[in-house]
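Structure file entry_6.cif with mmCIF, C-alpha atoms and all ligand atoms:
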```cif
data_upload
loop_
_atom_site.group_PDB
_atom_site.id
_atom_site.type_symbol
_atom_site.label_atom_id
_atom_site.label_comp_id
_atom_site.auth_asym_id
_atom_site.auth_seq_id
_atom_site.Cartn_x
_atom_site.Cartn_y
_atom_site.Cartn_z
ATOM 1 C CA MET E 1 -116.280 20.509 3.812
ATOM 2 C CA LYS E 2 -113.950 17.852 5.243
ATOM 3 C CA PRO E 3 -116.304 16.302 7.735
ATOM 4 C CA ILE E 4 -115.527 14.660 11.017
ATOM 5 C CA ILE E 5 -118.136 11.953 11.490
ATOM 6 C CA SER E 6 -118.997 10.097 14.694
ATOM 7 C CA VAL E 7 -120.463 6.645 14.171
ATOM 8 C CA ILE E 8 -122.549 5.842 17.211
ATOM 9 C CA ASN E 9 -125.243 3.590 18.598
ATOM 10 C CA ASN E 10 -125.538 2.704 22.266
ATOM 11 C CA LYS E 11 -126.648 -0.765 21.209
ATOM 12 C CA GLY E 12 -123.803 -3.207 20.586
ATOM 13 C CA GLY E 13 -123.150 -5.102 17.376
ATOM 14 C CA THR E 14 -124.979 -2.774 14.972
ATOM 15 C CA ALA E 15 -121.965 -2.614 12.599
ATOM 16 C CA LYS E 16 -120.446 0.671 13.762
ATOM 17 C CA THR E 17 -116.898 -0.595 13.297
ATOM 18 C CA THR E 18 -117.760 -2.348 10.035
ATOM 19 C CA THR E 19 -119.300 0.882 8.729
ATOM 20 C CA VAL E 20 -116.262 2.951 9.676
ATOM 21 C CA ILE E 21 -113.717 0.540 8.215
ATOM 22 C CA ASN E 22 -115.551 -0.165 4.968
ATOM 23 C CA THR E 23 -116.635 3.408 4.287
ATOM 24 C CA GLY E 24 -113.160 4.669 5.133
ATOM 25 C CA GLU E 25 -111.497 2.117 2.896
ATOM 26 C CA ALA E 26 -113.921 2.796 0.031
ATOM 27 C CA LEU E 27 -113.243 6.541 0.225
ATOM 28 C CA SER E 28 -109.487 5.930 0.281
ATOM 29 C CA ARG E 29 -109.877 3.884 -2.911
ATOM 30 C CA LEU E 30 -111.473 6.969 -4.477
ATOM 31 C CA GLY E 31 -108.269 8.860 -3.679
ATOM 32 C CA LYS E 32 -109.476 10.538 -0.488
ATOM 33 C CA ARG E 33 -107.312 10.916 2.592
ATOM 34 C CA VAL E 34 -109.164 9.279 5.465
ATOM 35 C CA LEU E 35 -108.496 9.188 9.210
ATOM 36 C CA ILE E 36 -110.185 6.631 11.463
ATOM 37 C CA ILE E 37 -110.125 7.286 15.208
ATOM 38 C CA ASP E 38 -110.736 4.191 17.319
ATOM 39 C CA MET E 39 -112.641 5.580 20.298
ATOM 40 C CA ASP E 40 -113.659 2.137 21.588
ATOM 41 C CA ASN E 41 -111.313 0.390 24.029
ATOM 42 C CA GLN E 42 -112.542 -2.964 22.725
ATOM 43 C CA CYS E 43 -110.052 -1.952 19.975
ATOM 44 C CA ASN E 44 -111.854 -3.782 17.145
ATOM 45 C CA ALA E 45 -110.999 -1.144 14.533
ATOM 46 C CA THR E 46 -107.384 -1.108 15.731
ATOM 47 C CA ASP E 47 -107.147 -4.896 15.387
ATOM 48 C CA ILE E 48 -108.234 -4.681 11.763
ATOM 49 C CA LEU E 49 -106.346 -1.566 10.713
ATOM 50 C CA GLN E 50 -103.001 -2.513 12.260
ATOM 51 C CA ASP E 51 -102.858 -5.677 10.192
ATOM 52 C CA GLY E 52 -99.713 -5.751 8.077
ATOM 53 C CA ILE E 53 -98.463 -2.259 8.900
ATOM 54 C CA GLY E 54 -95.104 -3.687 9.968
ATOM 55 C CA ARG E 55 -94.395 -1.402 12.890
ATOM 56 C CA PRO E 56 -95.381 -1.431 16.544
ATOM 57 C CA LEU E 57 -98.120 0.839 17.808
ATOM 58 C CA VAL E 58 -96.245 2.975 20.322
ATOM 59 C CA LYS E 59 -98.707 5.803 20.746
ATOM 60 C CA SER E 60 -102.471 5.639 20.788
ATOM 61 C CA LEU E 61 -105.686 7.398 21.694
ATOM 62 C CA TYR E 62 -104.478 7.177 25.284
ATOM 63 C CA ASP E 63 -101.766 9.736 24.483
ATOM 64 C CA VAL E 64 -104.256 11.929 22.634
ATOM 65 C CA LEU E 65 -106.936 12.006 25.315
ATOM 66 C CA ASP E 66 -105.054 11.926 28.614
ATOM 67 C CA PRO E 67 -106.329 14.910 30.638
ATOM 68 C CA ARG E 68 -103.052 14.888 32.604
ATOM 69 C CA ARG E 69 -101.207 16.084 29.516
ATOM 70 C CA SER E 70 -101.327 19.635 28.293
ATOM 71 C CA ASN E 71 -102.596 20.386 24.800
ATOM 72 C CA GLU E 72 -99.125 21.670 23.895
ATOM 73 C CA SER E 73 -97.382 18.422 24.881
ATOM 74 C CA THR E 74 -99.762 16.291 22.816
ATOM 75 C CA ASP E 75 -98.058 15.453 19.542
ATOM 76 C CA ILE E 76 -101.059 14.326 17.502
ATOM 77 C CA GLU E 77 -99.009 13.501 14.404
ATOM 78 C CA SER E 78 -97.072 10.805 16.274
ATOM 79 C CA CYS E 79 -100.365 9.084 17.240
ATOM 80 C CA ILE E 80 -101.513 8.650 13.611
ATOM 81 C CA TYR E 81 -100.429 5.556 11.660
ATOM 82 C CA PRO E 82 -100.777 4.753 7.965
ATOM 83 C CA THR E 83 -102.527 1.467 7.129
ATOM 84 C CA VAL E 84 -101.679 -0.867 4.260
ATOM 85 C CA LYS E 85 -104.342 0.951 2.219
ATOM 86 C CA GLU E 86 -103.079 4.059 0.469
ATOM 87 C CA GLY E 87 -104.612 7.181 2.010
ATOM 88 C CA LEU E 88 -106.179 5.366 4.971
ATOM 89 C CA HIS E 89 -104.785 6.296 8.402
ATOM 90 C CA PHE E 90 -105.813 5.625 11.976
ATOM 91 C CA ILE E 91 -105.372 6.524 15.609
ATOM 92 C CA PRO E 92 -105.276 3.198 17.469
ATOM 93 C CA ASN E 93 -106.784 2.492 20.863
ATOM 94 C CA ILE E 94 -105.542 0.320 23.741
ATOM 95 C CA PRO E 95 -107.611 -1.407 26.465
ATOM 96 C CA ASP E 96 -105.853 0.707 29.132
ATOM 97 C CA SER E 97 -107.534 3.833 27.800
ATOM 98 C CA ALA E 98 -110.595 2.751 29.811
ATOM 99 C CA ILE E 99 -108.934 4.520 32.771
ATOM 100 C CA LEU E 100 -109.278 7.814 30.927
ATOM 101 C CA GLY E 101 -113.065 7.649 31.329
ATOM 102 C CA PRO E 102 -112.980 8.446 35.076
ATOM 103 C CA ARG E 103 -110.207 10.986 34.494
ATOM 104 C CA ILE E 104 -112.334 12.807 31.938
ATOM 105 C CA VAL E 105 -115.299 12.748 34.329
ATOM 106 C CA LEU E 106 -113.117 14.195 37.105
ATOM 107 C CA GLY E 107 -111.811 16.819 34.669
ATOM 108 C CA GLY E 108 -115.346 18.129 34.230
ATOM 109 C CA GLU E 109 -116.706 19.788 31.094
ATOM 110 C CA PRO E 110 -113.315 21.106 29.827
ATOM 111 C CA ALA E 111 -112.035 17.520 29.607
ATOM 112 C CA LEU E 112 -114.881 16.646 27.227
ATOM 113 C CA PHE E 113 -113.356 19.092 24.727
ATOM 114 C CA LEU E 114 -109.860 17.534 24.691
ATOM 115 C CA LEU E 115 -110.458 15.468 21.550
ATOM 116 C CA ARG E 116 -111.833 18.507 19.736
ATOM 117 C CA GLU E 117 -108.974 20.751 20.848
ATOM 118 C CA ARG E 118 -106.219 18.243 20.111
ATOM 119 C CA VAL E 119 -107.407 16.532 16.921
ATOM 120 C CA ARG E 120 -109.970 18.614 15.072
ATOM 121 C CA ASN E 121 -107.733 21.195 13.397
ATOM 122 C CA TYR E 122 -105.116 18.627 12.447
ATOM 123 C CA ALA E 123 -107.789 16.365 10.961
ATOM 124 C CA LEU E 124 -109.429 19.197 9.007
ATOM 125 C CA ASN E 125 -106.063 20.286 7.596
ATOM 126 C CA ASN E 126 -104.782 16.833 6.667
ATOM 127 C CA PHE E 127 -107.736 14.565 5.849
ATOM 128 C CA ASP E 128 -110.775 14.681 3.581
ATOM 129 C CA PHE E 129 -112.841 12.521 5.939
ATOM 130 C CA THR E 130 -112.426 11.589 9.590
ATOM 131 C CA PHE E 131 -114.513 8.783 11.106
ATOM 132 C CA ILE E 132 -114.733 8.168 14.846
ATOM 133 C CA ASP E 133 -115.631 4.591 15.741
ATOM 134 C CA CYS E 134 -117.508 4.844 19.048
ATOM 135 C CA PRO E 135 -118.154 2.258 21.759
ATOM 136 C CA PRO E 136 -121.682 0.865 22.273
ATOM 137 C CA ASN E 137 -122.793 3.215 25.046
ATOM 138 C CA VAL E 138 -123.279 6.919 25.768
ATOM 139 C CA ASP E 139 -120.222 7.524 27.958
ATOM 140 C CA VAL E 140 -117.717 10.381 28.014
ATOM 141 C CA PHE E 141 -115.815 8.924 25.040
ATOM 142 C CA VAL E 142 -118.923 9.160 22.875
ATOM 143 C CA ILE E 143 -119.728 12.651 24.155
ATOM 144 C CA SER E 144 -116.130 13.734 23.418
ATOM 145 C CA ALA E 145 -116.418 12.282 19.906
ATOM 146 C CA MET E 146 -119.642 14.160 19.218
ATOM 147 C CA ILE E 147 -118.210 17.428 20.519
ATOM 148 C CA ALA E 148 -115.334 16.994 18.044
ATOM 149 C CA SER E 149 -117.622 16.112 15.107
ATOM 150 C CA ASP E 150 -119.689 17.759 12.388
ATOM 151 C CA LEU E 151 -121.913 14.785 11.624
ATOM 152 C CA VAL E 152 -123.308 11.658 13.241
ATOM 153 C CA ILE E 153 -124.165 8.385 11.506
ATOM 154 C CA VAL E 154 -126.184 5.789 13.416
ATOM 155 C CA PRO E 155 -125.880 2.248 12.050
ATOM 156 C CA THR E 156 -128.852 0.197 13.115
ATOM 157 C CA MET E 157 -130.606 -3.107 12.627
ATOM 158 C CA ALA E 158 -134.043 -3.054 11.031
ATOM 159 C CA GLY E 159 -136.890 -5.264 12.136
ATOM 160 C CA SER E 160 -136.229 -5.134 15.864
ATOM 161 C CA LYS E 161 -138.253 -3.233 18.433
ATOM 162 C CA PHE E 162 -135.209 -3.169 20.719
ATOM 163 C CA SER E 163 -133.165 -1.452 18.002
ATOM 164 C CA LEU E 164 -135.948 1.065 17.421
ATOM 165 C CA ASN E 165 -136.084 1.887 21.136
ATOM 166 C CA GLY E 166 -132.311 2.307 21.173
ATOM 167 C CA LEU E 167 -132.515 4.563 18.129
ATOM 168 C CA VAL E 168 -135.056 6.899 19.715
ATOM 169 C CA LYS E 169 -132.784 7.246 22.747
ATOM 170 C CA THR E 170 -129.720 7.739 20.572
ATOM 171 C CA LYS E 171 -131.427 10.515 18.565
ATOM 172 C CA ALA E 172 -132.455 12.288 21.800
ATOM 173 C CA PHE E 173 -128.866 11.943 23.027
ATOM 174 C CA ILE E 174 -127.502 13.513 19.826
ATOM 175 C CA ASP E 175 -129.924 16.427 20.205
ATOM 176 C CA ASP E 176 -128.948 16.923 23.858
ATOM 177 C CA ILE E 177 -125.206 16.962 23.133
ATOM 178 C CA GLY E 178 -125.693 19.227 20.100
ATOM 179 C CA ASN E 179 -127.821 21.706 22.036
ATOM 180 C CA ARG E 180 -125.477 21.824 24.977
ATOM 181 C CA TYR E 181 -121.986 21.538 23.498
ATOM 182 C CA ASN E 182 -121.848 21.633 19.699
ATOM 183 C CA SER E 183 -124.544 23.544 17.837
ATOM 184 C CA ASP E 184 -122.975 22.623 14.462
ATOM 185 C CA LEU E 185 -123.490 18.886 15.046
ATOM 186 C CA LYS E 186 -125.883 17.316 12.533
ATOM 187 C CA PHE E 187 -127.574 13.949 12.458
ATOM 188 C CA LEU E 188 -126.556 12.766 8.980
ATOM 189 C CA LYS E 189 -128.008 9.316 8.525
ATOM 190 C CA LEU E 190 -129.671 6.367 10.022
ATOM 191 C CA LEU E 191 -127.866 3.537 8.275
ATOM 192 C CA ILE E 192 -129.612 0.188 8.153
ATOM 193 C CA THR E 193 -126.835 -2.367 8.229
ATOM 194 C CA MET E 194 -128.764 -5.549 8.970
ATOM 195 C CA VAL E 195 -132.332 -6.821 8.859
ATOM 196 C CA ARG E 196 -133.405 -9.066 11.658
ATOM 197 C CA GLN E 197 -135.398 -12.139 10.696
ATOM 198 C CA PRO E 198 -138.471 -12.012 12.940
ATOM 199 C CA TYR E 199 -139.171 -15.187 14.860
ATOM 200 C CA ILE E 200 -141.193 -13.624 17.642
ATOM 201 C CA ASN E 201 -142.943 -10.299 17.586
ATOM 202 C CA LEU E 202 -140.250 -8.068 19.140
HETATM 203 N N1 LIG K 301 -124.284 -6.054 7.052
HETATM 204 C C1 LIG K 301 -123.891 -7.061 7.845
HETATM 205 N N2 LIG K 301 -124.434 -8.277 7.707
HETATM 206 C C2 LIG K 301 -124.068 -9.308 8.524
HETATM 207 N N3 LIG K 301 -123.126 -9.212 9.495
HETATM 208 C C3 LIG K 301 -122.564 -8.008 9.667
HETATM 209 C C4 LIG K 301 -122.909 -6.878 8.854
HETATM 210 N N4 LIG K 301 -122.183 -5.826 9.266
HETATM 211 C C5 LIG K 301 -121.433 -6.279 10.289
HETATM 212 N N5 LIG K 301 -121.635 -7.584 10.509
HETATM 213 C C6 LIG K 301 -121.023 -8.414 11.558
HETATM 214 O O1 LIG K 301 -121.679 -8.097 12.785
HETATM 215 C C7 LIG K 301 -120.734 -8.147 13.858
HETATM 216 C C8 LIG K 301 -120.754 -6.815 14.585
HETATM 217 O O2 LIG K 301 -120.220 -5.824 13.710
HETATM 218 P P1 LIG K 301 -119.375 -4.630 14.282
HETATM 219 O O3 LIG K 301 -118.255 -5.135 15.148
HETATM 220 O O4 LIG K 301 -119.023 -3.765 13.134
HETATM 221 O O5 LIG K 301 -120.474 -3.941 15.192
HETATM 222 P P2 LIG K 301 -120.258 -2.774 16.249
HETATM 223 O O6 LIG K 301 -121.507 -1.988 16.257
HETATM 224 O O7 LIG K 301 -119.002 -2.057 15.965
HETATM 225 O O8 LIG K 301 -120.094 -3.619 17.580
HETATM 226 P P3 LIG K 301 -119.728 -3.003 19.025
HETATM 227 O O9 LIG K 301 -120.976 -2.359 19.502
HETATM 228 O O10 LIG K 301 -119.321 -4.193 19.844
HETATM 229 O O11 LIG K 301 -118.610 -2.038 18.805
HETATM 230 C C9 LIG K 301 -119.390 -8.475 13.238
HETATM 231 O O12 LIG K 301 -119.138 -9.843 13.383
HETATM 232 C C10 LIG K 301 -119.559 -8.080 11.790
HETATM 233 O O13 LIG K 301 -118.719 -8.840 10.943
HETATM 234 MG MG MG K 302 -117.403 -1.624 17.240
#
```
Please lay out the structure from this file as structure tokens.
Amino acid sequence: MKPIISVINNKGGTAKTTTVINTGEALSRLGKRVLIIDMDNQCNATDILQDGIGRPLVKSLYDVLDPRRSNESTDIESCIYPTVKEGLHFIPNIPDSAILGPRIVLGGEPALFLLRERVRNYALNNFDFTFIDCPPNVDVFVISAMIASDLVIVPTMAGSKFSLNGLVKTKAFIDDIGNRYNSDLKFLKLLITMVRQPYINL
């Protein structure tokens, strides 16, 4: 199996991007070919991965996900860039891709499958692992990522009631999307990335 893995949590700052970058880089050091898709228009993963690559980012997730394009006119290969780490590649994001959210909503359910239709086969044929770094919410970008994925990892902070509440909602969300759109989707791991020092009983 060459899994496509969405890294999600609707809570912000739980180390989704850190998990994607570090796990991806560690796997590339083991000789694996890894693709990271930056699905978050905060572009944090892009900022890190573009460092030192020595060429401008001309194409991005915008070109991959635009519902106004046809599947045939989407050249996925031209949207993938190598990083300075051997074997580690990425699809960058740009802040303007925020406009694609409403376009995907207006495109209805078929538009939610664009990432799967345009990226999945290429990723399975060319990479050992694909990680999708998701934004901290449950919007159409996250739904699109989960429809394109085999597995979901949820990085979370331990020791916080707020995190636990968010986790319960996130798990229900994964089940809903799996049941409705992608019956192969599996919840792989809850990943504790930080432990909150309690100062009040929350
Ligand atoms: N294990 C850790 N211990 C301490 N700090 C961490 C750890 N992992 C990540 N951080 C820091 O926490 C901050 C948030 O991490 P990160 O950006 O990966 O979270 P995120 O879930 O992707 O955030 P967002 O929801 O905004 O996308 C960063 O400053 C990161 O360096
Ligand atoms: Mg992030």
Chain and number of each residue from the PyMOL selection byres (((chain E and resi 167-172) around 10) and not hetatm), as a compact mmCIF listing (two decimals) with C-alpha atoms, keeping the file's coordinate frame:
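Produced file expr.txt, reproduced below:
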```
# COMPACT_ATOMS: atom_id res chain seq x y z
CA ILE E 8 -122.55 5.84 17.21
CA ASN E 9 -125.24 3.59 18.60
CA ASN E 10 -125.54 2.70 22.27
CA LYS E 11 -126.65 -0.76 21.21
CA ASN E 137 -122.79 3.22 25.05
CA VAL E 138 -123.28 6.92 25.77
CA VAL E 152 -123.31 11.66 13.24
CA VAL E 154 -126.18 5.79 13.42
CA PRO E 155 -125.88 2.25 12.05
CA THR E 156 -128.85 0.20 13.12
CA MET E 157 -130.61 -3.11 12.63
CA LYS E 161 -138.25 -3.23 18.43
CA PHE E 162 -135.21 -3.17 20.72
CA SER E 163 -133.16 -1.45 18.00
CA LEU E 164 -135.95 1.06 17.42
CA ASN E 165 -136.08 1.89 21.14
CA GLY E 166 -132.31 2.31 21.17
CA PHE E 173 -128.87 11.94 23.03
CA ILE E 174 -127.50 13.51 19.83
CA ASP E 175 -129.92 16.43 20.20
CA ASP E 176 -128.95 16.92 23.86
CA ILE E 177 -125.21 16.96 23.13
CA GLY E 178 -125.69 19.23 20.10
CA PHE E 187 -127.57 13.95 12.46
CA LEU E 190 -129.67 6.37 10.02
```
Show me, as JSON, the centre and edge lengths in Å to one decimal of the axis-aligned box that covers every listed atom of ligand LIG 301 (chain K) with 6 Å on each side.
```
{"center_x": -121.3, "center_y": -5.9, "center_z": 13.4, "size_x": 18.2, "size_y": 19.9, "size_z": 24.8}
```
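Reported to one decimal place, the separation of CA of Tyr81 in chain E from CA of Arg55 in chain E is 9.3 Å.
Atom pair CA of Cys43 in chain E / CA of Gly159 in chain E has a distance of 28.2 Å (rounded to one decimal).
Of the residues under consideration (E:Leu65, E:Val140, E:Leu57, E:Ala45), E:Leu65 shows the shortest atom-to-atom contact distance to Arg118 in chain E when counting only C-alpha atoms.
Considering all atoms listed in the file, the residue among E:Leu106, E:Ile132, E:Leu124, E:Met146 positioned nearest to ligand MG 302 (chain K) is E:Ile132.
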Please report as a tab-separated table every residue of chain E lying within 10 Å of ligand LIG 301 (chain K), along with the nearest atom pair and their distance in Å (one decimal), using all atoms listed in the file.
```
residue	atom	partner	partner_atom	distance
E:Val7	CA	K:LIG301	O6	8.9
E:Ile8	CA	K:LIG301	O6	8.0
E:Asn9	CA	K:LIG301	O6	7.1
E:Asn10	CA	K:LIG301	O9	7.4
E:Lys11	CA	K:LIG301	O9	6.1
E:Gly12	CA	K:LIG301	O9	3.1
E:Gly13	CA	K:LIG301	O8	3.4
E:Thr14	CA	K:LIG301	O6	3.8
E:Ala15	CA	K:LIG301	O4	3.2
E:Lys16	CA	K:LIG301	O7	3.8
E:Thr17	CA	K:LIG301	O7	3.7
E:Thr18	CA	K:LIG301	O4	3.6
E:Thr19	CA	K:LIG301	O4	6.4
E:Val20	CA	K:LIG301	O4	8.0
E:Ile21	CA	K:LIG301	O4	8.4
E:Asn22	CA	K:LIG301	O4	9.6
E:Met39	CA	K:LIG301	O11	9.8
E:Asp40	CA	K:LIG301	O11	7.0
E:Asn41	CA	K:LIG301	O11	9.3
E:Gln42	CA	K:LIG301	O11	7.3
E:Cys43	CA	K:LIG301	O11	8.6
E:Asn44	CA	K:LIG301	O3	6.8
E:Ala45	CA	K:LIG301	O7	8.2
E:Asp133	CA	K:LIG301	O7	7.5
E:Cys134	CA	K:LIG301	O11	7.0
E:Pro135	CA	K:LIG301	O11	5.2
E:Pro136	CA	K:LIG301	O9	4.3
E:Asn137	CA	K:LIG301	O9	8.1
E:Val154	CA	K:LIG301	O6	9.5
E:Pro155	CA	K:LIG301	O6	7.4
E:Thr156	CA	K:LIG301	O6	8.3
E:Met157	CA	K:LIG301	N1	8.9
E:Ile192	CA	K:LIG301	N1	8.3
E:Thr193	CA	K:LIG301	N1	4.6
E:Met194	CA	K:LIG301	N1	4.9
E:Val195	CA	K:LIG301	N2	8.1
E:Arg196	CA	K:LIG301	N2	9.8
```
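Picture a line from CA of Ser97 in chain E to CA of Gly24 in chain E; it runs 23.4 Å.
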### Message
Starting from the PyMOL selection byres (((chain E and resi 51) around 12) and not hetatm), expand the selection into actual residues of this file and give them as an NGL selection string.
### Response
:E and (44-50 or 52-57 or 81-85 or 90 or 92)
